[in-house]
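The data block below is structure-v5.pdb; it holds PDB, C-alpha atoms.
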```pdb
ATOM      1  CA  MET A   1      12.448  -4.265 -19.428
ATOM      2  CA  ILE A   2      13.241  -5.161 -15.815
ATOM      3  CA  ILE A   3      14.054  -8.771 -14.904
ATOM      4  CA  GLY A   4      14.292 -10.229 -11.417
ATOM      5  CA  MET A   5      17.077 -12.768 -10.833
ATOM      6  CA  LEU A   6      17.246 -15.177  -7.885
ATOM      7  CA  ARG A   7      19.472 -18.121  -7.010
ATOM      8  CA  VAL A   8      17.768 -19.948  -4.155
ATOM      9  CA  LYS A   9      17.845 -23.060  -1.998
ATOM     10  CA  ASN A  10      15.242 -24.123   0.579
ATOM     11  CA  GLU A  11      13.446 -20.773   0.736
ATOM     12  CA  ALA A  12       9.868 -22.115   0.680
ATOM     13  CA  ARG A  13       8.779 -20.178   3.749
ATOM     14  CA  TRP A  14       9.858 -16.817   2.252
ATOM     15  CA  ILE A  15       9.818 -17.242  -1.530
ATOM     16  CA  GLU A  16       6.264 -16.086  -2.230
ATOM     17  CA  ARG A  17       6.833 -12.853  -0.325
ATOM     18  CA  CYS A  18      10.171 -12.413  -2.051
ATOM     19  CA  ILE A  19       8.910 -12.892  -5.594
ATOM     20  CA  GLY A  20       5.663 -11.094  -4.796
ATOM     21  CA  SER A  21       7.685  -7.980  -3.976
ATOM     22  CA  LEU A  22       9.368  -8.120  -7.403
ATOM     23  CA  LEU A  23       6.319  -8.803  -9.564
ATOM     24  CA  PRO A  24       4.879  -5.258  -9.465
ATOM     25  CA  ILE A  25       8.040  -3.854 -11.069
ATOM     26  CA  CYS A  26       9.553  -6.772 -12.997
ATOM     27  CA  ASP A  27       8.434  -7.955 -16.410
ATOM     28  CA  LYS A  28       9.710 -11.420 -15.528
ATOM     29  CA  VAL A  29      11.521 -13.177 -12.667
ATOM     30  CA  LEU A  30      14.020 -15.974 -13.324
ATOM     31  CA  VAL A  31      14.747 -18.330 -10.439
ATOM     32  CA  MET A  32      17.456 -20.978 -10.360
ATOM     33  CA  ASP A  33      16.761 -23.456  -7.569
ATOM     34  CA  ASP A  34      19.918 -25.098  -6.198
ATOM     35  CA  HIS A  35      18.381 -28.532  -5.537
ATOM     36  CA  SER A  36      16.053 -27.544  -2.680
ATOM     37  CA  ASP A  37      14.646 -30.365  -0.616
ATOM     38  CA  ASP A  38      11.523 -28.398   0.289
ATOM     39  CA  ASP A  39       8.870 -27.154  -2.148
ATOM     40  CA  THR A  40      10.661 -23.922  -3.155
ATOM     41  CA  LEU A  41      10.814 -24.867  -6.843
ATOM     42  CA  PHE A  42       7.135 -25.848  -6.982
ATOM     43  CA  ARG A  43       6.073 -22.600  -5.321
ATOM     44  CA  CYS A  44       8.137 -20.570  -7.780
ATOM     45  CA  GLN A  45       6.794 -22.441 -10.804
ATOM     46  CA  SER A  46       3.221 -21.781  -9.698
ATOM     47  CA  MET A  47       3.642 -17.993  -9.708
ATOM     48  CA  PRO A  48       2.815 -15.758 -12.700
ATOM     49  CA  LYS A  49       5.673 -14.191 -14.696
ATOM     50  CA  VAL A  50       8.175 -16.575 -13.061
ATOM     51  CA  ASP A  51      10.510 -18.889 -14.957
ATOM     52  CA  ALA A  52      11.889 -21.278 -12.336
ATOM     53  CA  PHE A  53      14.233 -24.165 -13.057
ATOM     54  CA  GLU A  54      16.520 -26.529 -11.192
ATOM     55  CA  SER A  55      20.252 -25.919 -11.345
ATOM     56  CA  PRO A  56      21.985 -28.104 -13.944
ATOM     57  CA  PHE A  57      25.071 -28.255 -11.694
ATOM     58  CA  SER A  58      26.089 -30.290  -8.679
ATOM     59  CA  GLY A  59      28.199 -28.967  -5.864
ATOM     60  CA  LEU A  60      28.313 -25.464  -4.473
ATOM     61  CA  ASN A  61      29.800 -22.718  -6.642
ATOM     62  CA  GLU A  62      27.867 -19.478  -6.276
ATOM     63  CA  SER A  63      29.686 -17.457  -8.947
ATOM     64  CA  ARG A  64      29.283 -20.259 -11.524
ATOM     65  CA  ASP A  65      25.581 -20.544 -10.683
ATOM     66  CA  LYS A  66      24.963 -16.801 -10.859
ATOM     67  CA  ASN A  67      26.803 -16.557 -14.187
ATOM     68  CA  HIS A  68      24.600 -19.318 -15.606
ATOM     69  CA  LEU A  69      21.503 -17.526 -14.350
ATOM     70  CA  LEU A  70      22.768 -14.170 -15.657
ATOM     71  CA  GLU A  71      23.275 -15.654 -19.134
ATOM     72  CA  ARG A  72      19.650 -16.796 -19.139
ATOM     73  CA  VAL A  73      18.430 -13.407 -17.913
ATOM     74  CA  GLU A  74      20.411 -11.575 -20.597
ATOM     75  CA  ARG A  75      18.527 -13.450 -23.336
ATOM     76  CA  PHE A  76      15.601 -11.121 -22.573
ATOM     77  CA  ASN A  77      17.778  -8.034 -23.199
ATOM     78  CA  PRO A  78      16.766  -6.314 -19.961
ATOM     79  CA  GLU A  79      17.563  -2.706 -19.296
ATOM     80  CA  TRP A  80      17.814  -3.500 -15.564
ATOM     81  CA  ILE A  81      18.280  -6.632 -13.439
ATOM     82  CA  ILE A  82      17.148  -6.837  -9.823
ATOM     83  CA  ALA A  83      19.037  -9.523  -7.905
ATOM     84  CA  ILE A  84      17.959 -10.264  -4.353
ATOM     85  CA  ASP A  85      18.101 -13.324  -2.121
ATOM     86  CA  GLY A  86      15.245 -15.757  -1.558
ATOM     87  CA  ASP A  87      14.826 -14.600   2.045
ATOM     88  CA  GLU A  88      14.501 -10.922   1.102
ATOM     89  CA  MET A  89      11.798  -8.688  -0.279
ATOM     90  CA  LEU A  90      11.605  -5.177  -1.650
ATOM     91  CA  SER A  91       9.765  -2.897   0.737
ATOM     92  CA  PRO A  92       6.629  -1.118  -0.515
ATOM     93  CA  SER A  93       8.553   2.177  -0.400
ATOM     94  CA  ALA A  94      11.301   0.653  -2.589
ATOM     95  CA  GLN A  95       8.684  -0.455  -5.106
ATOM     96  CA  ALA A  96       7.256   3.089  -5.175
ATOM     97  CA  GLY A  97      10.659   4.787  -5.403
ATOM     98  CA  MET A  98      12.147   2.447  -7.979
ATOM     99  CA  PRO A  99      10.993   4.246 -11.162
ATOM    100  CA  ALA A 100      12.775   7.476 -10.198
ATOM    101  CA  GLU A 101      16.037   5.671  -9.409
ATOM    102  CA  LEU A 102      15.929   3.598 -12.601
ATOM    103  CA  SER A 103      15.467   6.690 -14.750
ATOM    104  CA  GLY A 104      18.764   8.169 -13.552
ATOM    105  CA  PRO A 105      22.239   7.743 -15.051
ATOM    106  CA  ALA A 106      23.556   5.144 -12.576
ATOM    107  CA  THR A 107      24.535   1.677 -13.804
ATOM    108  CA  CYS A 108      24.240   0.019 -10.398
ATOM    109  CA  LEU A 109      22.060   0.746  -7.381
ATOM    110  CA  SER A 110      22.889  -0.170  -3.821
ATOM    111  CA  LEU A 111      19.916  -0.710  -1.512
ATOM    112  CA  ARG A 112      19.670  -0.479   2.268
ATOM    113  CA  ILE A 113      19.155  -3.867   3.930
ATOM    114  CA  TRP A 114      16.912  -3.916   7.000
ATOM    115  CA  TYR A 115      17.187  -7.088   9.091
ATOM    116  CA  LEU A 116      13.819  -8.124  10.492
ATOM    117  CA  TRP A 117      14.288  -9.412  14.032
ATOM    118  CA  ASP A 118      11.777 -11.386  16.108
ATOM    119  CA  GLY A 119       8.879 -10.456  13.805
ATOM    120  CA  ASP A 120       7.732  -8.517  10.752
ATOM    121  CA  ASN A 121       7.520  -5.237  12.662
ATOM    122  CA  GLN A 122      10.902  -5.166  14.376
ATOM    123  CA  VAL A 123      14.170  -4.185  12.703
ATOM    124  CA  ARG A 124      17.643  -4.576  14.168
ATOM    125  CA  THR A 125      19.555  -1.293  13.912
ATOM    126  CA  ASP A 126      22.634  -1.678  16.116
ATOM    127  CA  GLY A 127      26.162  -2.276  14.821
ATOM    128  CA  VAL A 128      26.474  -3.395  11.200
ATOM    129  CA  TYR A 129      22.719  -3.981  11.034
ATOM    130  CA  GLY A 130      21.919  -0.277  11.208
ATOM    131  CA  ASP A 131      23.596   0.998   8.046
ATOM    132  CA  PHE A 132      24.150  -1.855   5.630
ATOM    133  CA  HIS A 133      23.773  -1.360   1.878
ATOM    134  CA  ARG A 134      24.284  -3.904  -0.906
ATOM    135  CA  ALA A 135      24.426  -3.546  -4.665
ATOM    136  CA  SER A 136      21.317  -5.333  -5.916
ATOM    137  CA  ILE A 137      20.140  -3.624  -9.119
ATOM    138  CA  PHE A 138      22.235  -3.197 -12.256
ATOM    139  CA  ARG A 139      22.327  -2.539 -15.963
ATOM    140  CA  PRO A 140      23.863  -5.599 -17.617
ATOM    141  CA  ASN A 141      27.014  -4.895 -19.606
ATOM    142  CA  GLY A 142      28.509  -8.337 -20.215
ATOM    143  CA  SER A 143      30.358  -8.449 -16.887
ATOM    144  CA  ARG A 144      30.366 -11.713 -14.986
ATOM    145  CA  PHE A 145      30.593 -12.841 -11.371
ATOM    146  CA  GLU A 146      34.190 -13.589 -10.460
ATOM    147  CA  SER A 147      35.721 -16.313  -8.329
ATOM    148  CA  ASN A 148      36.528 -14.808  -4.961
ATOM    149  CA  GLY A 149      38.596 -17.426  -3.147
ATOM    150  CA  ASN A 150      35.905 -17.967  -0.504
ATOM    151  CA  GLY A 151      35.295 -21.717  -0.665
ATOM    152  CA  ALA A 152      32.837 -22.474  -3.465
ATOM    153  CA  ASN A 153      32.920 -18.776  -4.411
ATOM    154  CA  PHE A 154      30.307 -18.184  -1.754
ATOM    155  CA  HIS A 155      29.156 -14.600  -1.117
ATOM    156  CA  CYS A 156      30.238 -13.340  -4.521
ATOM    157  CA  GLY A 157      27.649 -10.550  -4.367
ATOM    158  CA  ASN A 158      24.392  -9.965  -6.215
ATOM    159  CA  VAL A 159      25.990  -7.748  -8.865
ATOM    160  CA  PRO A 160      29.217  -8.530 -10.779
ATOM    161  CA  SER A 161      32.107  -6.655  -9.137
ATOM    162  CA  ALA A 162      33.042  -4.767 -12.338
ATOM    163  CA  ILE A 163      29.599  -3.145 -12.318
ATOM    164  CA  ARG A 164      29.631  -2.393  -8.563
ATOM    165  CA  ALA A 165      32.506   0.068  -9.032
ATOM    166  CA  ASN A 166      30.052   2.600 -10.508
ATOM    167  CA  ARG A 167      27.192   2.383  -8.041
ATOM    168  CA  LYS A 168      24.764   4.810  -6.531
ATOM    169  CA  VAL A 169      23.827   4.284  -2.887
ATOM    170  CA  THR A 170      20.071   4.760  -2.518
ATOM    171  CA  GLU A 171      17.599   4.729   0.317
ATOM    172  CA  LEU A 172      15.495   2.114  -1.463
ATOM    173  CA  ASP A 173      15.250  -0.750   0.957
ATOM    174  CA  ILE A 174      15.139  -4.503   1.199
ATOM    175  CA  LEU A 175      13.674  -6.383   4.139
ATOM    176  CA  HIS A 176      15.785  -9.406   5.085
ATOM    177  CA  MET A 177      13.639 -12.146   6.650
ATOM    178  CA  GLY A 178      16.302 -14.834   7.153
ATOM    179  CA  TYR A 179      17.250 -13.728  10.695
ATOM    180  CA  MET A 180      13.708 -12.938  11.794
ATOM    181  CA  GLU A 181      13.241 -16.141  13.782
ATOM    182  CA  ARG A 182      15.449 -16.861  16.788
ATOM    183  CA  ALA A 183      15.983 -20.503  15.747
ATOM    184  CA  ASP A 184      17.499 -19.383  12.417
ATOM    185  CA  ARG A 185      19.930 -17.048  14.191
ATOM    186  CA  GLU A 186      21.089 -19.782  16.566
TER     187      GLU A 186
END
```
Now, as a test, write the supplied structure out as structure tokens.
Amino acid sequence: MIIGMLRVKNEARWIERCIGSLLPICDKVLVMDDHSDDDTLFRCQSMPKVDAFESPFSGLNESRDKNHLLERVERFNPEWIIAIDGDEMLSPSAQAGMPAELSGPATCLSLRIWYLWDGDNQVRTDGVYGDFHRASIFRPNGSRFESNGNGANFHCGNVPSAIRANRKVTELDILHMGYMERADRE
């Protein structure tokens, strides 16, 4: 069983593309909405195979939130968990290549992140944008997201750090939409 796991806030403009990219390979997608003030939660709840709920917490604490979400995901006893952001989507080639990567011995997979820039058909490839990978798929083993000292434990990763130590870097790719529009970058 493969479960998608997302912690989101105000991702209404991207969320259907995001979840839509997970549905062909995930048995279920769990989404914890961090009190969005747009219609992100409604959009998630209207999609098939999606269990979307509002965060029971107040205040920003990313590691706490992801641990809560991970506990809910683990109730389904998944073999794999795919954790991406609400402004990202798996590319069609990642969807096609996923079965081969998941059948291997790795416990964590790192995916290439492509930053869409000024449109769906343009990717930024200079500097850090050209060769950026992030652990995003893992076999759960009871590990949890740790506090990282970055105010509100922000940017704690999409995979618990204890699992990331044994990762395989793949060429499966994620398309990041959050910097696509100039206004978002400024």
Nearby residues (all atoms listed in the file) at most 12 Å from A:Lys168, same-chain spacing under 6 positions excluded, as a list of chain:residue names
A:Glu101, A:Leu102, A:Gly104, A:Pro105, A:Ala106, A:Thr107, A:Cys108, A:Leu109, A:Ser110, A:Leu111, A:Arg112, A:His133, A:Arg134, A:Ala135, A:Ser136, A:Ile137, A:Phe138
Any chance you could resolve the PyMOL selection byres ((chain A and resi 14) around 8) against this file and give the residues as a VMD selection string?
chain A and resid 11 to 13 15 to 18 86 to 88 177
So that I can check the surroundings of A:Asn67, please list as a ChimeraX atom specification every protein, DNA and RNA residue that reaches within 12 Å of it, counting all atoms listed in the file and ignoring chain neighbours fewer than 4 positions away.
/A:5-7,32,55,61-63,71-74,140,142-147,153,156-160
Proximity to A:Met1 - best of A:Phe76, A:Phe53, A:Tyr129, A:Phe42, only C-alpha atoms
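For A:Met1, the nearest of the candidates is A:Phe76.
Among A:His155, A:Arg139, A:Arg64, A:His176, the residue with the shortest atom-to-atom distance to A:Ile113, counting all atoms listed in the file, is A:His176.
Shortest separation to A:His68 among A:Ala162, A:Cys44, A:Ser103, A:Val31 occurs at residue A:Val31, atoms counted being all atoms listed in the file.
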Distance criterion (only C-alpha atoms): nearest to A:Leu30 out of A:Ile163, A:Met47, A:Leu69, A:Ile2:
A:Leu69
Between A:Gly4, A:Gly20, A:Pro78, A:Gly127, which one has atoms that come closest to A:Asp51, using all atoms listed in the file?
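Answer, going by the shortest atom-to-atom distance: A:Gly4.
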Decode the PyMOL selection byres ((chain A and resi 91) around 6) for the given file into explicit residues and return them as a tab-separated table (two decimals) with C-alpha atoms, in the coordinates of the input.
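To be explicit, this is the file written out as out-v2.tsv:
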```tsv
chain	number	residue	atom	x	y	z
A	90	LEU	CA	11.60	-5.18	-1.65
A	92	PRO	CA	6.63	-1.12	-0.52
A	93	SER	CA	8.55	2.18	-0.40
A	94	ALA	CA	11.30	0.65	-2.59
A	173	ASP	CA	15.25	-0.75	0.96
A	174	ILE	CA	15.14	-4.50	1.20
```
Straight-line distance linking atom CA of A:Leu70 with atom CA of A:Ala96, stated in Å to one decimal
25.5 Å
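With atom CA of A:Gln95 on one side and atom CA of A:Ser36 on the other, the separation reads 28.2 Å.
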Give me the residues within 10 Å of A:Ser58 as number ranges by chain, counting only C-alpha atoms and dropping any in the same chain fewer than 5 places off.
A: 34-35, 65
Coordinates-based distance that separates atom CA of A:Asn10 from atom CA of A:Asp39 (Å, one decimal)
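Interatomic distance, atom CA of A:Asp39 to atom CA of A:Asn10: 7.6 Å.
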Closest to A:Pro99 among A:Leu175, A:Val8, A:Ile84, A:Cys26, using only C-alpha atoms?
A:Cys26
